[in-house]
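Data first, discussion second: the structure below is written as structure tokens.
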Amino acid sequence: MDPAPVSVWMILPFAALLGAIAFAPLVAHAWWERHYPKIAYGLGALSLFWYLIVAREWGRPLHTAHEYASFICLIGSLFVVSGGIHITVKGEATPAANTLILALGGVLANLIGTTGASMVLIRPFLRVNKYRLTAHHVVFFIFIVSNVGGALTPIGDPPLYLGYLKGIPFFWTVHALFGKWVFGMGWLLFVFYLMDRLNYLRAPREVRVKETAHKEWRFEGLGNLGWLVLILATLFLHRPPFLREALMLAAAAGSWFSTPRAVHEANRFTWAPIREVAVLFAGIFATMFPALLWLEHNARDLGLQSSTAFYWACGLTSAVLDNAPTYLNFLSAQFGIFVTPKVVEGVRHLAAGGAFALTGPDASHAAEILRTFRGIQHWHPEALGHGEVPLGIIQICHLLKNHPKYVAEISIAAVFFGAATYIGNGPNFMVRSIALQWGVRMPGFLGYIFRYSLPFLLPLFAAVWWIFFRVE
């Protein structure tokens, strides 16, 4: 545990940065565009000053710096590689066609990640809708392709990937989250279709078909798919340190120099979107870790005893903090609540060849231990027979065998609620920046929440809880 003191006032720089992102573009847009780097770096420096100079604690800031480096290398390399892929879609941009593109994007997100799918598809999606392009096209793209679509596999969204690294089996998410994924995708695709149908009917016929109905399918820069595969493969590299990030940067450089300039021009490629994301998220990461650390230290005092509390607390926190570390903090809280020293001792006793009775006053406790041990045998047999079973493996298998609903709740909450704000998940801000570059009148931070998240996502979040998690 981080020895540095954690108090509520240390969260103020993060709150101030969120406030600046939300309100400054509304009241002083031109000033914000010129000075947002100073705001982000200045507030980030306040948090770093406390830890590095006052508390003399270097561990957490260095760990956060590494997380930021990994984040920006992944986001940046995918941005460069996707910018070298030019796709022209044949046919009219009908509501059905748009809905199909978003559905396919949601499926693709589970294969190449929400960031990868977002970066590959956003430009073709904007291009095919170019003559009736509105904010709802981009917002629902963020909802579906950049977030909800990636809820099936650890590749899909960063929280699930971190869960996989902690020991959750690769296909457990498919089994546990499939029904919620189908419901969430179906809800959002249906709402999008209705909205796009109204937009389509209002547009003049000549606008609907202009320069789209007669175009042919065309794919340029497909050599970048190889660089994309390389980037995705690096996600499973953990040693040596920084090899993963180096390979991502190498893939980005290879893509940049091997892609014809005409492809970048056709995609309207500029560095502005990735520059804005890099600057703002530098401030977010620097100011965010005191908030996450406070949450980690106080999670058990916040009344997180029911599955409902975990679902809403993890979800709402994921909306305003980065959803990946938020997920890990709530997973750690579940470890502390459910995995007692008796469980750990009992599992290690069984692993060493011991036995205990399943009758008497401790029968239910013994049954939990036995289920946990069988989970290790099934999912992590390599942890048996080589000395003491690692604590992390015991914790994961105990939760998945005895409290799977709790893990499913924070998993789906972290992924779904990440769509609620521009900063809930990495691709959100990137997609917004690219859309602005293409001339789309995107809502601001608060406009996104009040015009789209609350009307369309909040009912979804409530329905998922009511249908799948309400019964304790």
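Naming works like this for the structure tokens: A, B, ... for the chains as they're shown, residue 1 at the start of each chain, ligands 1 onward in shown order.
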Next on the checklist: Residues near A:Leu399, anyone? I mean within 12 Å using only C-alpha atoms, not counting same-chain ones fewer than 4 positions away, as a PyMOL selection string.
Outcome noted: chain A and resi 167-168+331-340+343+368-369+371-373+375-376+392-395+403-408
Next on the checklist: Can you tell me which residues surround A:Gly76 at a distance of at most 12 Å, considering only C-alpha atoms, apart from same-chain residues fewer than 2 positions away, and format the answer as a ChimeraX atom specification?
Outcome noted: /A:68-74,78-83,115-116,119,228,231,245,248-253,255-256,271-278,426-427,430
Checklist entry - Could you work out how far atom CA of A:Pro290 lies from atom CA of A:Trp9, giving the answer in Å with one decimal? => result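 Atom CA of A:Pro290 lies 9.6 Å from atom CA of A:Trp9.
Among the candidates A:Gly113, A:Ser77, A:His66, A:Lys180, the one nearest to A:Val464 when counting only C-alpha atoms is A:Lys180.
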Checklist entry - Hey, can you check how far atom CA of A:Phe170 sits from atom CA of A:Met185? => result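 If I compute the distance from atom CA of A:Phe170 to atom CA of A:Met185, I get 21.0 Å.
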Checklist entry - If you count only C-alpha atoms, which residues fall within 12 Å of A:Ser411, apart from same-chain ones fewer than 2 positions away, as a PyMOL selection string? => result chain A and resi 148+150-154+156-164+168+172-174+176-178+180-181+310-312+314-315+318+323-331+404-409+413-418
Next on the checklist: Give me the residues near A:Glu33 as a PyMOL selection string, where near means some atom within 12 Å (using only C-alpha atoms) and where sequence neighbours in that chain fewer than 6 positions away do not count.
Outcome noted: chain A and resi 20-21+24-27+39-40+272+276+279-280
Checklist entry - Please, which residues of stretch 300-452 of chain A, numbered as in this document, come out helix (DSSP H, G or I) from DSSP, as a ChimeraX atom specification? => result /A:300-302,307-320,323-338,341-351,363-379,381-383,391-402,404-417,426-437,445-452
Next on the checklist: What does the structure give for the distance between atom CA of A:Ile112 and atom CA of A:Ile155, in Å to one decimal?
Outcome noted: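 It comes out at 6.5 Å.
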Checklist entry - Nearest to A:Pro61 among A:Ala286, A:Ile85, A:Val263, A:Leu18, with distances taken over only C-alpha atoms: which residue is it? => result A:Ala286
Checklist entry - Using only C-alpha atoms, which of the listed residues (A:Ala117, A:Ala203, A:Leu108, A:Leu43) sits closest to A:Thr94? => result A:Ala203
Could you give me, as CSV, every stretch 101-135 of chain A residue with an atom at most 10 Å from stretch 437-450 of chain A, plus its closest atom pair and distance in Å to one decimal, counting only C-alpha atoms, rows ordered by chain then number?
residue,atom,partner,partner_atom,distance
A:Arg123,CA,A:Trp438,CA,8.9
A:Leu126,CA,A:Trp438,CA,7.9
A:Arg127,CA,A:Trp438,CA,9.1
A:Lys130,CA,A:Trp438,CA,9.0
A:Leu133,CA,A:Val440,CA,7.0
A:Thr134,CA,A:Val440,CA,6.4
A:Ala135,CA,A:Met442,CA,5.4
Mind dumping the selected residues with C-alpha atoms as a CSV table (one decimal), in the first residue's frame?
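Here's the written file again22.csv:
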chain,number,residue,atom,x,y,z
A,123,ARG,CA,-13.1,7.8,-40.8
A,126,LEU,CA,-17.7,9.8,-41.2
A,127,ARG,CA,-17.0,9.6,-44.9
A,130,LYS,CA,-20.6,13.1,-45.1
A,133,LEU,CA,-23.4,14.0,-40.7
A,134,THR,CA,-24.6,15.1,-37.3
A,135,ALA,CA,-23.4,14.7,-33.7
Item to check | Per-residue DSSP, stretch 55-232 of chain A, filtered to strand (DSSP E or B), as a list in words | outcome: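 Those in stretch 55-232 of chain A that DSSP calls strand (DSSP E or B) are His86, Ile87, Thr88, Arg218, Phe219 and Glu220 of chain A.
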Checklist entry - Contacts of A:Leu102 at 8 Å or less, counting only C-alpha atoms, minus same-chain residues fewer than 5 places along, as a ChimeraX atom specification? => result /A:141,144-145,189
